[in-house]
Structures are given as C-alpha cells and as structure tokens.
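Structure file my_file_34.pdb (PDB, C-alpha atoms, pLDDT in the B column) is printed below.
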ATOM      1  CA  MET A  18      47.338  34.404-138.766  1.00 81.00           C
ATOM      2  CA  GLU A  19      45.926  32.501-141.725  1.00 84.00           C
ATOM      3  CA  LEU A  20      45.088  29.416-139.701  1.00 90.00           C
ATOM      4  CA  ILE A  21      42.972  31.359-137.234  1.00 92.00           C
ATOM      5  CA  LYS A  22      41.243  33.087-140.146  1.00 89.00           C
ATOM      6  CA  ILE A  23      40.383  29.802-141.828  1.00 91.00           C
ATOM      7  CA  GLY A  24      39.322  28.213-138.558  1.00 92.00           C
ATOM      8  CA  VAL A  25      37.000  31.066-137.619  1.00 91.00           C
ATOM      9  CA  LEU A  26      35.607  31.207-141.150  1.00 90.00           C
ATOM     10  CA  GLY A  27      34.967  27.457-141.074  1.00 92.00           C
ATOM     11  CA  ILE A  28      33.119  27.646-137.770  1.00 94.00           C
ATOM     12  CA  THR A  29      31.055  30.578-139.048  1.00 91.00           C
ATOM     13  CA  ALA A  30      30.188  28.708-142.235  1.00 92.00           C
ATOM     14  CA  ALA A  31      29.211  25.629-140.215  1.00 93.00           C
ATOM     15  CA  ILE A  32      26.896  27.654-137.967  1.00 93.00           C
ATOM     16  CA  LEU A  33      25.311  29.387-140.968  1.00 91.00           C
ATOM     17  CA  ILE A  34      24.758  26.045-142.687  1.00 92.00           C
ATOM     18  CA  LEU A  35      23.193  24.666-139.515  1.00 92.00           C
ATOM     19  CA  VAL A  36      20.758  27.596-139.396  1.00 90.00           C
ATOM     20  CA  ILE A  37      19.834  27.494-143.074  1.00 90.00           C
ATOM     21  CA  LYS A  38      19.650  23.716-143.485  1.00 88.00           C
ATOM     22  CA  ASN A  39      16.184  23.494-141.907  1.00 87.00           C
ATOM     23  CA  TYR A  40      14.691  25.959-144.364  1.00 86.00           C
ATOM     24  CA  ARG A  41      16.778  25.673-147.526  1.00 86.00           C
ATOM     25  CA  PRO A  42      19.060  22.630-147.564  1.00 87.00           C
ATOM     26  CA  GLU A  43      20.317  23.371-151.107  1.00 87.00           C
ATOM     27  CA  ILE A  44      21.721  26.763-150.097  1.00 90.00           C
ATOM     28  CA  GLY A  45      23.457  25.147-147.124  1.00 90.00           C
ATOM     29  CA  LEU A  46      25.303  22.925-149.570  1.00 90.00           C
ATOM     30  CA  GLN A  47      26.306  25.934-151.665  1.00 91.00           C
ATOM     31  CA  ILE A  48      27.829  27.619-148.619  1.00 92.00           C
ATOM     32  CA  SER A  49      29.994  24.592-147.948  1.00 92.00           C
ATOM     33  CA  LEU A  50      31.040  24.508-151.616  1.00 91.00           C
ATOM     34  CA  VAL A  51      32.067  28.160-151.561  1.00 92.00           C
ATOM     35  CA  PHE A  52      33.957  27.651-148.336  1.00 92.00           C
ATOM     36  CA  GLY A  53      35.887  24.730-149.797  1.00 91.00           C
ATOM     37  CA  ALA A  54      36.743  26.697-152.926  1.00 91.00           C
ATOM     38  CA  MET A  55      37.811  29.759-150.974  1.00 91.00           C
ATOM     39  CA  VAL A  56      40.132  27.819-148.687  1.00 90.00           C
ATOM     40  CA  MET A  57      41.858  26.113-151.612  1.00 89.00           C
ATOM     41  CA  VAL A  58      42.284  29.371-153.544  1.00 89.00           C
ATOM     42  CA  PHE A  59      43.648  30.942-150.376  1.00 89.00           C
ATOM     43  CA  LEU A  60      46.141  28.105-149.929  1.00 89.00           C
ATOM     44  CA  ALA A  61      47.254  28.037-153.575  1.00 88.00           C
ATOM     45  CA  SER A  62      50.337  30.208-153.087  1.00 87.00           C
ATOM     46  CA  ARG A  63      51.412  28.152-150.057  1.00 91.00           C
ATOM     47  CA  ILE A  64      51.057  24.922-152.016  1.00 91.00           C
ATOM     48  CA  ARG A  65      53.177  26.490-154.768  1.00 90.00           C
ATOM     49  CA  THR A  66      55.912  27.063-152.189  1.00 91.00           C
ATOM     50  CA  VAL A  67      55.818  23.406-151.136  1.00 91.00           C
ATOM     51  CA  LEU A  68      55.894  22.223-154.750  1.00 89.00           C
ATOM     52  CA  ASP A  69      58.874  24.471-155.515  1.00 90.00           C
ATOM     53  CA  PHE A  70      60.615  23.035-152.466  1.00 91.00           C
ATOM     54  CA  ILE A  71      60.037  19.497-153.721  1.00 89.00           C
ATOM     55  CA  GLU A  72      61.191  20.466-157.220  1.00 88.00           C
ATOM     56  CA  ILE A  73      64.517  21.780-155.896  1.00 90.00           C
ATOM     57  CA  PHE A  74      65.317  18.429-154.304  1.00 89.00           C
ATOM     58  CA  VAL A  75      64.136  16.509-157.342  1.00 88.00           C
ATOM     59  CA  GLU A  76      66.515  18.532-159.459  1.00 87.00           C
ATOM     60  CA  ARG A  77      69.380  17.904-157.066  1.00 90.00           C
ATOM     61  CA  ALA A  78      68.671  14.167-157.069  1.00 87.00           C
ATOM     62  CA  ASN A  79      68.758  14.149-160.911  1.00 84.00           C
ATOM     63  CA  ILE A  80      65.285  12.660-161.262  1.00 81.00           C
ATOM     64  CA  SER A  81      63.686  13.291-164.638  1.00 79.00           C
ATOM     65  CA  GLY A  82      61.280  16.234-164.628  1.00 78.00           C
ATOM     66  CA  VAL A  83      58.668  14.235-166.528  1.00 81.00           C
ATOM     67  CA  TYR A  84      58.076  12.005-163.535  1.00 83.00           C
ATOM     68  CA  ILE A  85      57.563  14.802-161.049  1.00 86.00           C
ATOM     69  CA  THR A  86      55.279  16.713-163.426  1.00 88.00           C
ATOM     70  CA  THR A  87      53.128  13.605-163.770  1.00 89.00           C
ATOM     71  CA  LEU A  88      53.070  13.242-160.017  1.00 88.00           C
ATOM     72  CA  PHE A  89      51.869  16.825-159.533  1.00 90.00           C
ATOM     73  CA  LYS A  90      49.275  16.347-162.252  1.00 91.00           C
ATOM     74  CA  VAL A  91      47.941  13.270-160.493  1.00 92.00           C
ATOM     75  CA  ILE A  92      47.791  15.138-157.183  1.00 91.00           C
ATOM     76  CA  GLY A  93      45.777  17.931-158.800  1.00 91.00           C
ATOM     77  CA  MET A  94      43.386  15.503-160.456  1.00 93.00           C
ATOM     78  CA  ALA A  95      42.935  13.628-157.198  1.00 94.00           C
ATOM     79  CA  TYR A  96      42.139  16.873-155.416  1.00 92.00           C
ATOM     80  CA  ILE A  97      39.489  17.895-157.960  1.00 92.00           C
ATOM     81  CA  THR A  98      37.953  14.411-157.902  1.00 94.00           C
ATOM     82  CA  GLU A  99      37.821  14.406-154.140  1.00 94.00           C
ATOM     83  CA  PHE A 100      36.333  17.902-153.979  1.00 92.00           C
ATOM     84  CA  ALA A 101      33.547  17.061-156.413  1.00 93.00           C
ATOM     85  CA  ALA A 102      32.841  13.647-154.910  1.00 95.00           C
ATOM     86  CA  GLU A 103      32.691  14.946-151.335  1.00 93.00           C
ATOM     87  CA  SER A 104      30.320  17.711-152.418  1.00 91.00           C
ATOM     88  CA  CYS A 105      28.002  15.140-153.975  1.00 93.00           C
ATOM     89  CA  ARG A 106      28.254  13.006-150.859  1.00 93.00           C
ATOM     90  CA  ASP A 107      27.295  16.041-148.756  1.00 90.00           C
ATOM     91  CA  ALA A 108      24.186  16.318-150.895  1.00 89.00           C
ATOM     92  CA  SER A 109      23.666  12.590-150.061  1.00 90.00           C
ATOM     93  CA  GLN A 110      24.164  11.578-153.691  1.00 93.00           C
ATOM     94  CA  ASN A 111      26.471   8.663-153.052  1.00 95.00           C
ATOM     95  CA  ALA A 112      25.944   7.116-156.471  1.00 96.00           C
ATOM     96  CA  ILE A 113      27.068  10.261-158.305  1.00 96.00           C
ATOM     97  CA  ALA A 114      30.037  10.581-155.957  1.00 96.00           C
ATOM     98  CA  ALA A 115      31.061   7.004-156.750  1.00 96.00           C
ATOM     99  CA  LYS A 116      30.875   7.715-160.484  1.00 96.00           C
ATOM    100  CA  ILE A 117      32.997  10.849-160.162  1.00 96.00           C
ATOM    101  CA  GLU A 118      35.569   8.852-158.233  1.00 96.00           C
ATOM    102  CA  LEU A 119      35.567   6.147-160.881  1.00 97.00           C
ATOM    103  CA  ALA A 120      36.123   8.746-163.603  1.00 96.00           C
ATOM    104  CA  GLY A 121      38.926  10.298-161.562  1.00 96.00           C
ATOM    105  CA  ARG A 122      40.631   6.942-161.078  1.00 96.00           C
ATOM    106  CA  ILE A 123      40.503   6.068-164.745  1.00 96.00           C
ATOM    107  CA  LEU A 124      41.790   9.464-165.869  1.00 95.00           C
ATOM    108  CA  ILE A 125      44.558   9.313-163.257  1.00 94.00           C
ATOM    109  CA  ILE A 126      45.641   5.880-164.505  1.00 94.00           C
ATOM    110  CA  ILE A 127      45.748   7.232-168.054  1.00 94.00           C
ATOM    111  CA  THR A 128      47.836  10.201-166.890  1.00 92.00           C
ATOM    112  CA  ALA A 129      50.188   7.900-165.010  1.00 91.00           C
ATOM    113  CA  MET A 130      50.556   5.506-167.956  1.00 92.00           C
ATOM    114  CA  PRO A 131      54.118   6.672-168.895  1.00 89.00           C
ATOM    115  CA  LEU A 132      55.253   6.106-165.310  1.00 88.00           C
ATOM    116  CA  ILE A 133      53.680   2.652-165.183  1.00 90.00           C
ATOM    117  CA  THR A 134      55.281   1.837-168.534  1.00 92.00           C
ATOM    118  CA  SER A 135      58.753   2.756-167.337  1.00 89.00           C
ATOM    119  CA  VAL A 136      58.305   0.774-164.109  1.00 90.00           C
ATOM    120  CA  MET A 137      57.124  -2.203-166.126  1.00 92.00           C
ATOM    121  CA  ASN A 138      60.116  -1.874-168.454  1.00 92.00           C
ATOM    122  CA  ILE A 139      62.461  -1.977-165.471  1.00 92.00           C
ATOM    123  CA  ILE A 140      60.691  -5.027-164.027  1.00 93.00           C
ATOM    124  CA  ILE A 141      60.729  -6.865-167.361  1.00 94.00           C
ATOM    125  CA  GLY A 142      64.406  -5.981-167.765  1.00 91.00           C
ATOM    126  CA  LEU A 143      65.148  -7.564-164.371  1.00 88.00           C
ATOM    127  CA  ILE A 144      63.528 -10.894-165.213  1.00 82.00           C
TER     128      ILE A 144
ATOM    129  CA  MET B  24      39.743  35.763-149.418  1.00 66.00           C
ATOM    130  CA  ASN B  25      36.322  37.380-149.552  1.00 73.00           C
ATOM    131  CA  ILE B  26      34.536  36.257-146.421  1.00 80.00           C
ATOM    132  CA  ASP B  27      31.428  38.307-147.227  1.00 87.00           C
ATOM    133  CA  LEU B  28      30.528  35.884-150.029  1.00 87.00           C
ATOM    134  CA  ILE B  29      29.520  33.249-147.463  1.00 89.00           C
ATOM    135  CA  PHE B  30      27.461  35.787-145.534  1.00 90.00           C
ATOM    136  CA  ARG B  31      25.848  36.985-148.759  1.00 90.00           C
ATOM    137  CA  ILE B  32      24.792  33.452-149.676  1.00 90.00           C
ATOM    138  CA  ALA B  33      23.483  32.849-146.172  1.00 90.00           C
ATOM    139  CA  ALA B  34      21.513  36.110-146.329  1.00 91.00           C
ATOM    140  CA  ILE B  35      19.969  35.108-149.643  1.00 91.00           C
ATOM    141  CA  GLY B  36      19.057  31.750-148.133  1.00 91.00           C
ATOM    142  CA  ILE B  37      17.323  33.324-145.127  1.00 91.00           C
ATOM    143  CA  LEU B  38      15.578  35.901-147.323  1.00 91.00           C
ATOM    144  CA  VAL B  39      14.293  33.205-149.667  1.00 91.00           C
ATOM    145  CA  ALA B  40      13.121  31.126-146.705  1.00 90.00           C
ATOM    146  CA  VAL B  41      11.205  34.068-145.226  1.00 91.00           C
ATOM    147  CA  LEU B  42       9.666  35.041-148.585  1.00 91.00           C
ATOM    148  CA  ASN B  43       8.781  31.428-149.197  1.00 91.00           C
ATOM    149  CA  SER B  44       6.919  31.047-145.914  1.00 91.00           C
ATOM    150  CA  LEU B  45       5.182  34.425-146.374  1.00 91.00           C
ATOM    151  CA  LEU B  46       3.981  33.598-149.873  1.00 92.00           C
ATOM    152  CA  THR B  47       2.921  30.114-148.842  1.00 90.00           C
ATOM    153  CA  LYS B  48       0.899  31.516-145.933  1.00 91.00           C
ATOM    154  CA  SER B  49      -0.878  33.977-148.212  1.00 90.00           C
ATOM    155  CA  GLY B  50      -1.794  31.153-150.552  1.00 87.00           C
ATOM    156  CA  ARG B  51       0.540  31.874-153.478  1.00 86.00           C
ATOM    157  CA  GLU B  52       2.208  28.531-153.806  1.00 87.00           C
ATOM    158  CA  GLU B  53       3.472  28.957-157.355  1.00 89.00           C
ATOM    159  CA  GLN B  54       5.069  32.344-156.605  1.00 90.00           C
ATOM    160  CA  ALA B  55       6.743  30.833-153.553  1.00 90.00           C
ATOM    161  CA  MET B  56       8.162  28.156-155.814  1.00 90.00           C
ATOM    162  CA  MET B  57       9.410  30.799-158.242  1.00 91.00           C
ATOM    163  CA  THR B  58      11.078  32.717-155.414  1.00 91.00           C
ATOM    164  CA  THR B  59      12.856  29.567-154.297  1.00 90.00           C
ATOM    165  CA  LEU B  60      14.012  28.908-157.824  1.00 92.00           C
ATOM    166  CA  ALA B  61      15.226  32.477-158.339  1.00 92.00           C
ATOM    167  CA  GLY B  62      17.170  32.407-155.074  1.00 91.00           C
ATOM    168  CA  LEU B  63      18.741  29.115-156.010  1.00 92.00           C
ATOM    169  CA  ILE B  64      19.799  30.410-159.419  1.00 93.00           C
ATOM    170  CA  VAL B  65      21.299  33.595-157.992  1.00 93.00           C
ATOM    171  CA  VAL B  66      23.311  31.610-155.461  1.00 92.00           C
ATOM    172  CA  LEU B  67      24.301  29.093-158.100  1.00 92.00           C
ATOM    173  CA  LEU B  68      25.740  31.847-160.290  1.00 93.00           C
ATOM    174  CA  MET B  69      27.874  33.067-157.391  1.00 91.00           C
ATOM    175  CA  VAL B  70      29.002  29.538-156.532  1.00 91.00           C
ATOM    176  CA  VAL B  71      29.814  28.602-160.119  1.00 93.00           C
ATOM    177  CA  ARG B  72      32.177  31.553-160.449  1.00 92.00           C
ATOM    178  CA  GLU B  73      33.964  30.519-157.275  1.00 90.00           C
ATOM    179  CA  ILE B  74      34.212  26.864-158.333  1.00 91.00           C
ATOM    180  CA  ALA B  75      35.573  27.863-161.740  1.00 92.00           C
ATOM    181  CA  ASN B  76      38.139  30.001-159.943  1.00 91.00           C
ATOM    182  CA  LEU B  77      39.079  27.025-157.759  1.00 90.00           C
ATOM    183  CA  PHE B  78      39.480  24.617-160.666  1.00 90.00           C
ATOM    184  CA  ASP B  79      41.526  27.162-162.629  1.00 91.00           C
ATOM    185  CA  THR B  80      43.767  27.642-159.608  1.00 90.00           C
ATOM    186  CA  VAL B  81      44.295  23.910-159.186  1.00 89.00           C
ATOM    187  CA  LYS B  82      44.945  23.566-162.910  1.00 89.00           C
ATOM    188  CA  ALA B  83      47.558  26.311-162.854  1.00 89.00           C
ATOM    189  CA  LEU B  84      49.085  25.000-159.630  1.00 87.00           C
ATOM    190  CA  PHE B  85      49.652  21.410-160.688  1.00 84.00           C
ATOM    191  CA  ASP B  86      50.207  22.440-164.326  1.00 76.00           C
ATOM    192  CA  PHE B  87      47.894  20.192-166.299  1.00 67.00           C
TER     193      PHE B  87
END

Could you show the structure in this file as structure tokens?
Amino acid sequence: MELIKIGVLGITAAILILVIKNYRPEIGLQISLVFGAMVMVFLASRIRTVLDFIEIFVERANISGVYITTLFKVIGMAYITEFAAESCRDASQNAIAAKIELAGRILIIITAMPLITSVMNIIIGLI
Amino acid sequence: MNIDLIFRIAAIGILVAVLNSLLTKSGREEQAMMTTLAGLIVVLLMVVREIANLFDTVKALFDF
C-alpha cells in the first residue's frame, strides 16, 4: 500500500525533524525538503495516469490540444512555486516566499497569455 | 522511493550536533563551526540532487 508507506514515512520524518530541530534547525528543514521531493517523485507515475485520463476526454470533446497543454503547464508551474514558497515559509522566510509566489504568478500569466487572448477575442466578438 | 535518505540526513544532523557540543565543550569554537558547516554542505549536496530530480520530474510530467 503506497498510502500507508507515505503516511508512515511522513510520521517518521516529522519525528526526526522534531528531534533534530533543537540542535540543528537547518538540517530539520532539509529533511522536510527531501520528504516533499520524494513524495512527488513517487507520485509522478500516478499523476501521469490522471493526466492521460483527462487527455482522453479532452480529445473526445474535440477541445484543442493547445489549451490543455497550457493548463498542464500552469499546474506544473503552480506546483513548483508552491513547493519552493512553502519551503521558504517553513524556514520562516516569509518575504522570500512572497517573492517566489509573485514570480510564479507573473510567469503563469505569461504562460496563459494565449488562453486569455482567445477568451478576450470571444468576449470582444460578442459585444 | 529511498527511505534511507531521510534517515541518513537525520543521522548526519545528530552526528554534527554531538560533534558540535563536544568541540564547544573542549574550547574549540572555530572547529565546531567548521564541523557545522561541513555537515550542512554534505546534507545540502544530497538535498540538491533530490530537488533537481523533483523539478525534472515535474517538468517532464507537465511537459514544459
């Protein structure tokens, strides 16, 4: 069972961090980083399954592939932004976390520009 | 999923903490500092590899 594995590993990591935090807080943070990375790498193949599932229905509904690719791209960027920002917040660096989130937002808007353009075109066409 | 990586990092942390307190007690402050720094760098190298792996995975997954 993968879920039990991840749950037990998470509890173990939390206990280890709790022990080490008093002596070496920076290594406690590294443990949580590694745990986060390991869980995501572990889940990658499962996420691929879900994305394939979505893609099948998108194809059947005749939605352009460009849109769904952009959507996936934005999801990936949002995940990386969130991972980095939460790690900084764990290290109680809220300012750096806020800057990472700002960068993520701007880059996501730039990535989503073609989608926004086509929505705007539709809206302008309706007026 | 290599669980032992977390244990390895935790072991390095405890080892560095013990060495740090030993060296501080015996009056070698600067060597204690160096030990801390070395431990941090070793752990950082391990973590960086894992983070790079994560970001590559996400990049490949959401193809961007």

Applying the PyMOL selection byres ((chain B) within 9 of (chain A)) to the file I just gave you, which residues come out? Please list them as a PyMOL selection string. chain B and resi 24-26+28-30+32-33+35-37+39-41+59+62-63+66-67+69-71+73-78+80-82+84-87

Record the distance separating atom CA of Thr134 of chain A and atom CA of Glu99 of chain A, expressed in Å with one decimal. 25.9 Å

Excluding Ala55 of chain B and its own-chain neighbours fewer than 5 positions away, which residues fall within 9 Å of it when counting all atoms listed in the file? Please give them as a list in words. Val39, Leu42, Asn43, Ser44, Leu45, Leu46, Thr47 and Leu60 of chain B

Protein/DNA/RNA residues near (43.0, 12.8, -163.7), cut 7 Å, only C-alpha atoms, as a PyMOL selection string: chain A and resi 91+94-95+121-122+124-125+128

Under the rule that only C-alpha atoms are counted, which of A:Leu132, A:Ile140, A:Val25, A:Leu46 is the nearest residue to Val83 of chain A? A:Leu132

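Atom CA of Arg31 of chain B is found 10.8 Å from atom CA of Val65 of chain B.
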
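From atom CA of Ala102 of chain A back to atom CA of Ala120 of chain A, the distance works out to 10.5 Å.
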